[in-house]
Amino acid sequence: MAVPYNHRAIEAKWRTHWAEKPVNTNDGKKPKYYCLDMFPYPSGNGLHVGHWRGYVISDVWSRYKLLQGYYLIHPMGWDAFGLPAENYAIKHGVHPAISTEDNIRNIKKQINDISAIYDWDMEVNTTDPGFYKWTQWIFVQMFKHGLAYEKEFPINWCPSCKTGLANEEVVNGVCERCGSPVTKKNLRQWMLRITRYADRLLNDLDKLDWPEKVKKMQTDWIGKSYGAEVEFPIDGREEKITVYTTRPDTLFGATFMVLAPEHTLAKSLATDETREQVEKYIFDASMKSNVDRMQDKEKTGVFTGSYAINPLNQEKIPIWLSDYVLADYGTGAIMCVPAHDDRDFAFAKKFGLPIVQVIAKDGKEIEDMTEAYTEAVGTMINSGEWNGRESADLKVEAPAYIEEKGFGKKTVNFKLRDWVFSRQRYWGEPIPIIHCPKCGNVPVPEEQLPLMLPEVESYQPTGTGESPLAAIDEWVNTTCPCCGSPAKRETNTMPQWAGSSWYFLRYVDSKNDEELVSREKADKYLPVDMYIGGVEHAVLHLLYSRFYTKFLHDIGVVDFEEPFAKLFNQGMITGKNGIKMSKSKGNVVSPDDLVRDYGCDSLRMYELFVGPPELDAEWDDRGIDGVSRFLKRFWTLAQNSLEKNPPARDEVVRVRHRMVREITRRLESFSLNTVISGFMEYTNKLIDLAKDSDGAVDKETIETAAILLAPFAPHISEEIWEMAGHEDSIFHSSWPVHDEEAMKDDEIEIPVQVNGKKKAVIQVAADISKEDVIAAAKAAVKDKISGSIVKEIYVPKKTVNLVVKG
RNA sequence: GCCGCAGUGGCGGAACAGGCAGACGCACAGGACUUAAAAUCCUGCGAGGGUUAAACUUCGUACGGGUUCGAUUCCCGUCUGCGGCACCA
């Protein structure tokens, strides 16, 4: 007799069974499919329902691929270097390695509750010396190829974390991690020359099946622009000032020039009359933080007393200093065309500088300009030999013209800057460089890697620009591998991104001591086919990984240039009112209780049912009852049906094939929330049909439905599959295919519209002719038509519309 | 400021390619079963008008226009919310 659905017993049974007999096996013949989750930071807070969502999405996709006959690469690991573990160590004196290990153990247990088919043999941990050996090895290769270099300059500095930051880690002027305002600090830094890859990083975006939003964010971040560098001679001096402009067409309108206060010539341009003010301005600017500089929209500036010559018309134009010009973009100096640039206009107005319009707006010169005309549309005026030409054409042609005349050259510019790669903290990979007074910077010999992170007495960051490692004399003092002289080790560590920039390559060969990854395995199992994670890494991890992969390609480690063929960004699960779940807000929902009360299968389905997977969703526990009831209904139907197994009826078979088609279509388009509603919809239909045959449908229909359901609710599906008499796992069956013929109904419903408004629905034969269907439609609505029919429209199998006049 | 995305019942959301708006679920209400409750099952559930009840009917996908036989879907404009960038010359 019917056994009630007992999720606890069923789930425990299959979890054990799958652990003993894994369903994902590599016979060497199946094609591979690499489905990757962004690996988590093993936080002490454990997982909440939001983390679950991402892992469920990737597991559903993985199991679907399994059923399509692929050998799955579906690994999991730990991005375990980073500040929380270190801060915990500072507070409680527990070594980060120990707390990290505890956290991993705990989260692993929670991940186990998801019943995802991770291959734990591949597990990696970025803090494992066997792993960071290769993180360091990559750095050494970059050093040898001139991509890693040292530089001293004012970098972004977080005074709270007491470390330098990359540009990508500064969000609206504050530290991405802790929210403190970022200041500038002059520091000796290790840099990675990511800018050398700017063009390739930009161009190869075209090859990627990624959300457009992410591609656009990377495009904007790389920020390529086309223009010209123009040299302006300084009146009465030998030097020239080079500016970068994207609007060389407006060159005749340049009425002054502005240099960043940090520009190398800034000080020397001052005259005796202006020196005091100029030096004060430069000093004040150096004291401003990023936040101040961004908040002060009001322009400030100072006249240097010097003049430049506009090379095109020989006009003398004043040279000013202002902090609205950025020192590290372009050349740190600009030509100013107030008539055609908003910022220059504001500056000219404030300091009473001349404004010369060079592009006619709507065919004329504007009398009293109240705002800049910034579009490159219109005829040139006040522009010497360019008068009468179109601005849009000149914008393209002017760079070549300028180059020809010897005033400058055609050029491109990027917003992307080199990557500030050193951190002044303890819990990271030591940078494997030795500073030798004779040989300069020498990499730690590769056979000595990994360079182990030593034990320290105090994890406290020093704030001096050195990491806590600097306090360990016996570690710092070493000998030069080149010449044997006394030398000192680099004491900075790498940023957290170092390990995550390449970890996905390591999974497929995680225990290899000789190589980062063997070329054979890399060729066979890489790159990643599907990458699933949050959108917050759009310009951080995802850009860095692309850079690393391209470099590793260039030195022959791997054969491909892009690490992630397809990317899916899942939305965040929030608490009530869209508030991000956090311990401090007290709105964290743990999956643990829900798994206990409703079961893994129900929670997996509910995680998907809350809304479109790419959008954020507010968590509401109550909704889980809906999927839980669905699973019970399906269970009862399956049990009944397998017991009674009535003969297959046409109408049931039709529903079965429609279900296969719909579920597959929705799954393929990643509309996972509607896959779940589809299961409910079609199961309800089956239950309805089953009422005519003792509450049962044929066995094949149940088996088909179970396979469709298997990626979503693997335990109950496997149990039903077994009940149906199968000895092998349901995951060794294959994804069903629908049959168009078997789906067809003899009769279809056609809505009848009059002037576009539905007035009736008629039941007609599926193969009815246009004439017949229109005749039937007319008959159905004849009472509702007052005038005469002027037009008849029949959209086959969809609708009839009768256009009536009078 | 610039760029991108979104706006549909009490709520989450659905509608493939311009063709029955509100699937599926939650919540709610009524009923069946039960001594009772839970569970389960059945019914209803956008707003207004209409009727004893129905039939029927008008409006309705942020707002205002447009294209079309027909618009949640396409186009133009406006508003609101979210995200990204933010003096990038």
# chains A, B, ... in the order shown; residues from 1 in each chain; ligands from 1
call {"tool": "interface_residues", "arguments": {"of": "chain A", "to": "chain B", "cutoff": "6 Å", "atoms": "only C-alpha atoms (C1' of nucleotides)", "output": "number ranges by chain"}}
result
A: 245, 324, 623, 626, 677, 751, 756, 799, 803
call {"tool": "write_last_selection", "arguments": {"atoms": "N, CA and C atoms", "output": "mmCIF file, in the first residue's frame"}}
result
data_model
loop_
_atom_site.group_PDB
_atom_site.id
_atom_site.type_symbol
_atom_site.label_atom_id
_atom_site.label_comp_id
_atom_site.auth_asym_id
_atom_site.auth_seq_id
_atom_site.Cartn_x
_atom_site.Cartn_y
_atom_site.Cartn_z
ATOM 1 N N THR A 245 44.112 64.047 -26.518
ATOM 2 C CA THR A 245 42.725 64.467 -26.745
ATOM 3 C C THR A 245 42.005 63.486 -27.654
ATOM 4 N N TYR A 324 41.353 68.822 -11.502
ATOM 5 C CA TYR A 324 40.377 68.040 -12.282
ATOM 6 C C TYR A 324 41.075 67.294 -13.403
ATOM 7 N N GLY A 623 7.042 30.115 1.100
ATOM 8 C CA GLY A 623 6.834 29.559 -0.226
ATOM 9 C C GLY A 623 7.305 28.124 -0.397
ATOM 10 N N GLY A 626 4.938 25.163 -1.084
ATOM 11 C CA GLY A 626 4.426 24.904 -2.427
ATOM 12 C C GLY A 626 5.177 23.791 -3.136
ATOM 13 N N SER A 677 7.831 25.606 -12.204
ATOM 14 C CA SER A 677 6.387 25.776 -12.382
ATOM 15 C C SER A 677 5.878 24.824 -13.463
ATOM 16 N N PRO A 751 -8.994 31.114 -30.096
ATOM 17 C CA PRO A 751 -9.745 32.286 -29.651
ATOM 18 C C PRO A 751 -10.193 33.114 -30.854
ATOM 19 N N GLY A 756 -9.780 42.785 -32.501
ATOM 20 C CA GLY A 756 -8.659 42.591 -31.576
ATOM 21 C C GLY A 756 -9.061 42.248 -30.159
ATOM 22 N N THR A 799 -5.008 32.275 -33.589
ATOM 23 C CA THR A 799 -6.173 33.121 -33.371
ATOM 24 C C THR A 799 -6.854 33.490 -34.681
ATOM 25 N N VAL A 803 -12.261 41.890 -38.451
ATOM 26 C CA VAL A 803 -12.292 43.357 -38.362
ATOM 27 C C VAL A 803 -13.653 43.834 -38.857
#
call {"tool": "residues_around", "arguments": {"residues": "A:Val356", "least_positions_apart": "4", "cutoff": "8 Å", "atoms": "only C-alpha atoms (C1' of nucleotides)", "output": "list in words"}}
result
Gly253, Ala254, Thr255, Val337, Pro338, Ala339 and Asn382 of chain A
call {"tool": "write_last_selection", "arguments": {"atoms": "N, CA, C and O atoms", "output": "PDB file, in the first residue's frame"}}
result
ATOM      1  N   GLY A 253      39.912  75.568 -31.065  1.00  0.00           N
ATOM      2  CA  GLY A 253      39.163  76.173 -29.967  1.00  0.00           C
ATOM      3  C   GLY A 253      39.887  76.105 -28.643  1.00  0.00           C
ATOM      4  O   GLY A 253      39.344  76.510 -27.613  1.00  0.00           O
ATOM      5  N   ALA A 254      41.133  75.585 -28.648  1.00  0.00           N
ATOM      6  CA  ALA A 254      41.884  75.471 -27.388  1.00  0.00           C
ATOM      7  C   ALA A 254      42.352  76.853 -26.955  1.00  0.00           C
ATOM      8  O   ALA A 254      43.196  77.465 -27.598  1.00  0.00           O
ATOM      9  N   THR A 255      41.790  77.332 -25.846  1.00  0.00           N
ATOM     10  CA  THR A 255      42.112  78.695 -25.409  1.00  0.00           C
ATOM     11  C   THR A 255      42.977  78.721 -24.162  1.00  0.00           C
ATOM     12  O   THR A 255      43.410  79.768 -23.733  1.00  0.00           O
ATOM     13  N   VAL A 337      39.170  73.199 -24.410  1.00  0.00           N
ATOM     14  CA  VAL A 337      38.296  73.766 -25.419  1.00  0.00           C
ATOM     15  C   VAL A 337      36.964  74.041 -24.731  1.00  0.00           C
ATOM     16  O   VAL A 337      36.056  73.214 -24.793  1.00  0.00           O
ATOM     17  N   PRO A 338      36.853  75.169 -24.045  1.00  0.00           N
ATOM     18  CA  PRO A 338      35.671  75.407 -23.206  1.00  0.00           C
ATOM     19  C   PRO A 338      34.362  75.387 -23.991  1.00  0.00           C
ATOM     20  O   PRO A 338      33.329  75.012 -23.438  1.00  0.00           O
ATOM     21  N   ALA A 339      34.390  75.742 -25.245  1.00  0.00           N
ATOM     22  CA  ALA A 339      33.140  75.771 -26.012  1.00  0.00           C
ATOM     23  C   ALA A 339      32.577  74.373 -26.230  1.00  0.00           C
ATOM     24  O   ALA A 339      31.388  74.210 -26.483  1.00  0.00           O
ATOM     25  N   ASN A 382      35.734  79.269 -37.246  1.00  0.00           N
ATOM     26  CA  ASN A 382      36.882  79.799 -36.490  1.00  0.00           C
ATOM     27  C   ASN A 382      38.057  78.820 -36.470  1.00  0.00           C
ATOM     28  O   ASN A 382      38.798  78.764 -35.493  1.00  0.00           O
TER      29      ASN A 382
END
call {"tool": "residues_around", "arguments": {"residues": "B:G77", "least_positions_apart": "4", "cutoff": "12 Å", "atoms": "only C-alpha atoms (C1' of nucleotides)", "output": "list of chain:residue names"}}
result
B:C63, B:G64, B:G65, B:G66
call {"tool": "write_last_selection", "arguments": {"atoms": "N, CA, C and O atoms (P, O5', C5', C4', C3', O3' and C1' of nucleotides)", "output": "mmCIF file, in the first residue's frame"}}
result
data_model
loop_
_atom_site.group_PDB
_atom_site.id
_atom_site.type_symbol
_atom_site.label_atom_id
_atom_site.label_comp_id
_atom_site.auth_asym_id
_atom_site.auth_seq_id
_atom_site.Cartn_x
_atom_site.Cartn_y
_atom_site.Cartn_z
ATOM 1 P P C B 63 -0.155 52.717 -16.370
ATOM 2 O "O5'" C B 63 0.294 54.222 -16.613
ATOM 3 C "C5'" C B 63 -0.125 55.272 -15.735
ATOM 4 C "C4'" C B 63 0.425 56.577 -16.222
ATOM 5 C "C3'" C B 63 0.095 56.917 -17.677
ATOM 6 O "O3'" C B 63 -1.201 57.470 -17.810
ATOM 7 C "C1'" C B 63 2.389 57.283 -17.298
ATOM 8 P P G B 64 -2.040 57.202 -19.151
ATOM 9 O "O5'" G B 64 -1.322 58.165 -20.198
ATOM 10 C "C5'" G B 64 -1.301 59.571 -19.968
ATOM 11 C "C4'" G B 64 -0.569 60.262 -21.092
ATOM 12 C "C3'" G B 64 -0.911 59.782 -22.490
ATOM 13 O "O3'" G B 64 -2.129 60.324 -22.956
ATOM 14 C "C1'" G B 64 1.436 59.989 -22.281
ATOM 15 P P G B 65 -2.842 59.653 -24.211
ATOM 16 O "O5'" G B 65 -1.909 60.174 -25.391
ATOM 17 C "C5'" G B 65 -1.865 59.473 -26.586
ATOM 18 C "C4'" G B 65 -0.688 59.946 -27.395
ATOM 19 C "C3'" G B 65 -0.460 59.142 -28.666
ATOM 20 O "O3'" G B 65 -1.273 59.611 -29.720
ATOM 21 C "C1'" G B 65 1.558 59.242 -27.458
ATOM 22 P P G B 66 -2.114 58.508 -30.540
ATOM 23 O "O5'" G B 66 -0.971 57.817 -31.402
ATOM 24 C "C5'" G B 66 -0.191 58.619 -32.290
ATOM 25 C "C4'" G B 66 1.009 57.863 -32.771
ATOM 26 C "C3'" G B 66 0.719 56.598 -33.568
ATOM 27 O "O3'" G B 66 0.335 56.887 -34.898
ATOM 28 C "C1'" G B 66 2.490 56.208 -32.041
#
call {"tool": "residues_around", "arguments": {"residues": "A:Gly384", "least_positions_apart": "3", "cutoff": "12 Å", "atoms": "only C-alpha atoms (C1' of nucleotides)", "output": "VMD selection string"}}
result
chain A and resid 249 to 253 312 to 314 358 380 to 381 387 to 389
call {"tool": "select_by_dssp", "arguments": {"residues": "stretch 38-157 of chain A", "states": "strand (DSSP E or B)", "output": "number ranges by chain"}}
result
A: 71-73, 77-78, 124-125, 148-157
call {"tool": "write_last_selection", "arguments": {"atoms": "N, CA, C and O atoms", "output": "PDB file, in the first residue's frame"}}
result
ATOM      1  N   TYR A  71      31.074  13.448 -19.378  1.00  0.00           N
ATOM      2  CA  TYR A  71      31.856  13.247 -18.164  1.00  0.00           C
ATOM      3  C   TYR A  71      32.036  14.631 -17.557  1.00  0.00           C
ATOM      4  O   TYR A  71      32.533  15.551 -18.208  1.00  0.00           O
ATOM      5  N   LEU A  72      31.620  14.757 -16.321  1.00  0.00           N
ATOM      6  CA  LEU A  72      31.589  16.067 -15.677  1.00  0.00           C
ATOM      7  C   LEU A  72      32.862  16.411 -14.946  1.00  0.00           C
ATOM      8  O   LEU A  72      33.381  15.587 -14.198  1.00  0.00           O
ATOM      9  N   ILE A  73      33.337  17.625 -15.134  1.00  0.00           N
ATOM     10  CA  ILE A  73      34.325  18.192 -14.221  1.00  0.00           C
ATOM     11  C   ILE A  73      33.518  19.171 -13.382  1.00  0.00           C
ATOM     12  O   ILE A  73      33.044  20.188 -13.902  1.00  0.00           O
ATOM     13  N   GLY A  77      36.500  24.077  -4.201  1.00  0.00           N
ATOM     14  CA  GLY A  77      37.726  24.368  -3.453  1.00  0.00           C
ATOM     15  C   GLY A  77      37.554  25.606  -2.603  1.00  0.00           C
ATOM     16  O   GLY A  77      36.444  26.097  -2.432  1.00  0.00           O
ATOM     17  N   TRP A  78      38.668  26.125  -2.118  1.00  0.00           N
ATOM     18  CA  TRP A  78      38.628  27.174  -1.108  1.00  0.00           C
ATOM     19  C   TRP A  78      39.570  28.314  -1.415  1.00  0.00           C
ATOM     20  O   TRP A  78      40.765  28.112  -1.594  1.00  0.00           O
ATOM     21  N   VAL A 124      40.882  21.948  -4.191  1.00  0.00           N
ATOM     22  CA  VAL A 124      42.083  22.770  -3.997  1.00  0.00           C
ATOM     23  C   VAL A 124      41.833  23.765  -2.871  1.00  0.00           C
ATOM     24  O   VAL A 124      40.698  24.084  -2.541  1.00  0.00           O
ATOM     25  N   ASN A 125      42.947  24.237  -2.309  1.00  0.00           N
ATOM     26  CA  ASN A 125      42.900  25.228  -1.248  1.00  0.00           C
ATOM     27  C   ASN A 125      44.064  26.182  -1.513  1.00  0.00           C
ATOM     28  O   ASN A 125      45.220  25.765  -1.543  1.00  0.00           O
ATOM     29  N   ALA A 148      56.036  41.605 -14.118  1.00  0.00           N
ATOM     30  CA  ALA A 148      55.982  41.979 -12.704  1.00  0.00           C
ATOM     31  C   ALA A 148      57.158  42.916 -12.468  1.00  0.00           C
ATOM     32  O   ALA A 148      58.293  42.588 -12.806  1.00  0.00           O
ATOM     33  N   TYR A 149      56.858  44.093 -11.944  1.00  0.00           N
ATOM     34  CA  TYR A 149      57.937  45.060 -11.744  1.00  0.00           C
ATOM     35  C   TYR A 149      57.664  45.873 -10.485  1.00  0.00           C
ATOM     36  O   TYR A 149      56.542  45.940 -10.005  1.00  0.00           O
ATOM     37  N   GLU A 150      58.713  46.494  -9.990  1.00  0.00           N
ATOM     38  CA  GLU A 150      58.592  47.316  -8.786  1.00  0.00           C
ATOM     39  C   GLU A 150      58.502  48.772  -9.155  1.00  0.00           C
ATOM     40  O   GLU A 150      59.167  49.220 -10.086  1.00  0.00           O
ATOM     41  N   LYS A 151      57.737  49.502  -8.389  1.00  0.00           N
ATOM     42  CA  LYS A 151      57.578  50.910  -8.690  1.00  0.00           C
ATOM     43  C   LYS A 151      57.190  51.619  -7.399  1.00  0.00           C
ATOM     44  O   LYS A 151      56.466  51.067  -6.578  1.00  0.00           O
ATOM     45  N   GLU A 152      57.696  52.830  -7.227  1.00  0.00           N
ATOM     46  CA  GLU A 152      57.262  53.603  -6.080  1.00  0.00           C
ATOM     47  C   GLU A 152      56.416  54.747  -6.579  1.00  0.00           C
ATOM     48  O   GLU A 152      56.851  55.547  -7.396  1.00  0.00           O
ATOM     49  N   PHE A 153      55.189  54.818  -6.095  1.00  0.00           N
ATOM     50  CA  PHE A 153      54.310  55.931  -6.477  1.00  0.00           C
ATOM     51  C   PHE A 153      53.122  55.959  -5.524  1.00  0.00           C
ATOM     52  O   PHE A 153      52.929  55.028  -4.751  1.00  0.00           O
ATOM     53  N   PRO A 154      52.355  57.038  -5.528  1.00  0.00           N
ATOM     54  CA  PRO A 154      51.247  57.117  -4.572  1.00  0.00           C
ATOM     55  C   PRO A 154      50.133  56.152  -4.963  1.00  0.00           C
ATOM     56  O   PRO A 154      49.525  56.324  -6.010  1.00  0.00           O
ATOM     57  N   ILE A 155      49.906  55.176  -4.133  1.00  0.00           N
ATOM     58  CA  ILE A 155      48.876  54.193  -4.439  1.00  0.00           C
ATOM     59  C   ILE A 155      47.695  54.372  -3.498  1.00  0.00           C
ATOM     60  O   ILE A 155      47.765  55.073  -2.506  1.00  0.00           O
ATOM     61  N   ASN A 156      46.620  53.681  -3.835  1.00  0.00           N
ATOM     62  CA  ASN A 156      45.453  53.672  -2.954  1.00  0.00           C
ATOM     63  C   ASN A 156      45.809  52.920  -1.691  1.00  0.00           C
ATOM     64  O   ASN A 156      46.315  51.804  -1.741  1.00  0.00           O
ATOM     65  N   TRP A 157      45.495  53.541  -0.561  1.00  0.00           N
ATOM     66  CA  TRP A 157      45.864  52.950   0.718  1.00  0.00           C
ATOM     67  C   TRP A 157      44.650  52.946   1.621  1.00  0.00           C
ATOM     68  O   TRP A 157      43.997  53.972   1.797  1.00  0.00           O
TER      69      TRP A 157
END
call {"tool": "select_by_dssp", "arguments": {"residues": "stretch 225-376 of chain A", "states": "alpha helix (DSSP H)", "output": "PyMOL selection string"}}
result
chain A and resi 275-287+290-295+342-351
call {"tool": "residues_around", "arguments": {"residues": "A:Ile472", "least_positions_apart": "6", "cutoff": "12 Å", "atoms": "only C-alpha atoms (C1' of nucleotides)", "output": "VMD selection string"}}
result
chain A and resid 426 453 to 459 466 478 488 to 491
call {"tool": "decode", "arguments": {"residues": "stretch 73-87 of chain B", "atoms": "N, CA, C and O atoms (P, O5', C5', C4', C3', O3' and C1' of nucleotides)", "output": "PDB file, in the first residue's frame"}}
result
ATOM      1  P     U B  73       3.982  46.790 -24.771  1.00  0.00           P
ATOM      2  O5'   U B  73       5.005  45.652 -25.200  1.00  0.00           O
ATOM      3  C5'   U B  73       6.252  45.478 -24.527  1.00  0.00           C
ATOM      4  C4'   U B  73       6.917  44.231 -25.048  1.00  0.00           C
ATOM      5  C3'   U B  73       7.312  44.321 -26.515  1.00  0.00           C
ATOM      6  O3'   U B  73       8.611  43.823 -26.714  1.00  0.00           O
ATOM      7  C1'   U B  73       5.865  42.461 -26.164  1.00  0.00           C
ATOM      8  P     C B  74       9.810  44.886 -26.772  1.00  0.00           P
ATOM      9  O5'   C B  74       9.557  45.589 -28.178  1.00  0.00           O
ATOM     10  C5'   C B  74      10.071  45.011 -29.370  1.00  0.00           C
ATOM     11  C4'   C B  74       9.809  45.946 -30.532  1.00  0.00           C
ATOM     12  C3'   C B  74       9.995  47.422 -30.235  1.00  0.00           C
ATOM     13  O3'   C B  74      11.353  47.804 -30.329  1.00  0.00           O
ATOM     14  C1'   C B  74       7.948  47.120 -31.356  1.00  0.00           C
ATOM     15  P     C B  75      11.897  49.038 -29.484  1.00  0.00           P
ATOM     16  O5'   C B  75      11.293  50.285 -30.279  1.00  0.00           O
ATOM     17  C5'   C B  75      11.731  50.606 -31.584  1.00  0.00           C
ATOM     18  C4'   C B  75      11.057  51.881 -32.031  1.00  0.00           C
ATOM     19  C3'   C B  75      11.169  53.041 -31.052  1.00  0.00           C
ATOM     20  O3'   C B  75      12.395  53.719 -31.187  1.00  0.00           O
ATOM     21  C1'   C B  75       8.922  52.828 -31.740  1.00  0.00           C
ATOM     22  P     C B  76      13.023  54.446 -29.896  1.00  0.00           P
ATOM     23  O5'   C B  76      12.109  55.742 -29.757  1.00  0.00           O
ATOM     24  C5'   C B  76      12.185  56.784 -30.718  1.00  0.00           C
ATOM     25  C4'   C B  76      11.216  57.875 -30.348  1.00  0.00           C
ATOM     26  C3'   C B  76      11.335  58.404 -28.925  1.00  0.00           C
ATOM     27  O3'   C B  76      12.395  59.321 -28.769  1.00  0.00           O
ATOM     28  C1'   C B  76       9.061  58.028 -29.427  1.00  0.00           C
ATOM     29  P     G B  77      13.137  59.392 -27.348  1.00  0.00           P
ATOM     30  O5'   G B  77      12.070  60.096 -26.411  1.00  0.00           O
ATOM     31  C5'   G B  77      11.781  61.478 -26.573  1.00  0.00           C
ATOM     32  C4'   G B  77      10.591  61.868 -25.740  1.00  0.00           C
ATOM     33  C3'   G B  77      10.736  61.689 -24.235  1.00  0.00           C
ATOM     34  O3'   G B  77      11.497  62.719 -23.631  1.00  0.00           O
ATOM     35  C1'   G B  77       8.631  60.877 -24.910  1.00  0.00           C
ATOM     36  P     U B  78      12.275  62.390 -22.260  1.00  0.00           P
ATOM     37  O5'   U B  78      11.091  62.270 -21.199  1.00  0.00           O
ATOM     38  C5'   U B  78      10.335  63.425 -20.827  1.00  0.00           C
ATOM     39  C4'   U B  78       9.270  63.052 -19.825  1.00  0.00           C
ATOM     40  C3'   U B  78       9.771  62.413 -18.530  1.00  0.00           C
ATOM     41  O3'   U B  78      10.265  63.365 -17.612  1.00  0.00           O
ATOM     42  C1'   U B  78       7.935  61.174 -19.340  1.00  0.00           C
ATOM     43  P     C B  79      11.420  62.910 -16.596  1.00  0.00           P
ATOM     44  O5'   C B  79      10.617  62.028 -15.538  1.00  0.00           O
ATOM     45  C5'   C B  79       9.601  62.617 -14.727  1.00  0.00           C
ATOM     46  C4'   C B  79       8.851  61.543 -13.975  1.00  0.00           C
ATOM     47  C3'   C B  79       9.707  60.668 -13.077  1.00  0.00           C
ATOM     48  O3'   C B  79      10.016  61.285 -11.850  1.00  0.00           O
ATOM     49  C1'   C B  79       8.236  59.304 -14.312  1.00  0.00           C
ATOM     50  P     U B  80      11.391  60.922 -11.106  1.00  0.00           P
ATOM     51  O5'   U B  80      11.112  59.458 -10.545  1.00  0.00           O
ATOM     52  C5'   U B  80      10.145  59.237  -9.521  1.00  0.00           C
ATOM     53  C4'   U B  80       9.968  57.759  -9.305  1.00  0.00           C
ATOM     54  C3'   U B  80      11.237  56.995  -8.955  1.00  0.00           C
ATOM     55  O3'   U B  80      11.581  57.106  -7.594  1.00  0.00           O
ATOM     56  C1'   U B  80      10.058  55.822 -10.633  1.00  0.00           C
ATOM     57  P     G B  81      13.126  57.030  -7.179  1.00  0.00           P
ATOM     58  O5'   G B  81      13.423  55.468  -7.285  1.00  0.00           O
ATOM     59  C5'   G B  81      12.788  54.566  -6.387  1.00  0.00           C
ATOM     60  C4'   G B  81      13.065  53.144  -6.814  1.00  0.00           C
ATOM     61  C3'   G B  81      14.535  52.768  -6.912  1.00  0.00           C
ATOM     62  O3'   G B  81      15.088  52.455  -5.651  1.00  0.00           O
ATOM     63  C1'   G B  81      13.400  51.989  -8.829  1.00  0.00           C
ATOM     64  P     C B  82      16.653  52.669  -5.409  1.00  0.00           P
ATOM     65  O5'   C B  82      17.301  51.475  -6.251  1.00  0.00           O
ATOM     66  C5'   C B  82      17.182  50.124  -5.802  1.00  0.00           C
ATOM     67  C4'   C B  82      17.739  49.192  -6.852  1.00  0.00           C
ATOM     68  C3'   C B  82      19.210  49.389  -7.193  1.00  0.00           C
ATOM     69  O3'   C B  82      20.071  48.820  -6.234  1.00  0.00           O
ATOM     70  C1'   C B  82      17.980  49.164  -9.192  1.00  0.00           C
ATOM     71  P     G B  83      21.498  49.479  -5.993  1.00  0.00           P
ATOM     72  O5'   G B  83      22.300  49.036  -7.294  1.00  0.00           O
ATOM     73  C5'   G B  83      22.653  47.667  -7.470  1.00  0.00           C
ATOM     74  C4'   G B  83      23.243  47.465  -8.832  1.00  0.00           C
ATOM     75  C3'   G B  83      24.473  48.300  -9.146  1.00  0.00           C
ATOM     76  O3'   G B  83      25.647  47.781  -8.559  1.00  0.00           O
ATOM     77  C1'   G B  83      23.012  48.397 -10.976  1.00  0.00           C
ATOM     78  P     G B  84      26.826  48.777  -8.167  1.00  0.00           P
ATOM     79  O5'   G B  84      27.492  49.084  -9.579  1.00  0.00           O
ATOM     80  C5'   G B  84      28.106  48.043 -10.321  1.00  0.00           C
ATOM     81  C4'   G B  84      28.514  48.551 -11.666  1.00  0.00           C
ATOM     82  C3'   G B  84      29.428  49.762 -11.657  1.00  0.00           C
ATOM     83  O3'   G B  84      30.774  49.414 -11.399  1.00  0.00           O
ATOM     84  C1'   G B  84      27.708  50.130 -13.213  1.00  0.00           C
ATOM     85  P     C B  85      31.678  50.417 -10.541  1.00  0.00           P
ATOM     86  O5'   C B  85      31.917  51.600 -11.573  1.00  0.00           O
ATOM     87  C5'   C B  85      32.661  51.365 -12.761  1.00  0.00           C
ATOM     88  C4'   C B  85      32.585  52.562 -13.660  1.00  0.00           C
ATOM     89  C3'   C B  85      33.047  53.878 -13.048  1.00  0.00           C
ATOM     90  O3'   C B  85      34.457  53.984 -12.960  1.00  0.00           O
ATOM     91  C1'   C B  85      31.040  54.242 -14.204  1.00  0.00           C
ATOM     92  P     A B  86      35.064  54.641 -11.622  1.00  0.00           P
ATOM     93  O5'   A B  86      34.568  56.147 -11.698  1.00  0.00           O
ATOM     94  C5'   A B  86      35.021  56.974 -12.735  1.00  0.00           C
ATOM     95  C4'   A B  86      34.064  58.107 -12.917  1.00  0.00           C
ATOM     96  C3'   A B  86      34.252  59.266 -11.970  1.00  0.00           C
ATOM     97  O3'   A B  86      35.370  60.004 -12.387  1.00  0.00           O
ATOM     98  C1'   A B  86      31.943  58.877 -12.371  1.00  0.00           C
ATOM     99  P     C B  87      35.984  61.154 -11.494  1.00  0.00           P
ATOM    100  O5'   C B  87      36.357  61.942 -12.824  1.00  0.00           O
ATOM    101  C5'   C B  87      35.395  61.976 -13.870  1.00  0.00           C
ATOM    102  C4'   C B  87      35.379  63.359 -14.478  1.00  0.00           C
ATOM    103  C3'   C B  87      36.646  63.655 -15.243  1.00  0.00           C
ATOM    104  O3'   C B  87      36.328  64.202 -16.508  1.00  0.00           O
ATOM    105  C1'   C B  87      36.162  65.366 -13.654  1.00  0.00           C
TER     106        C B  87
END
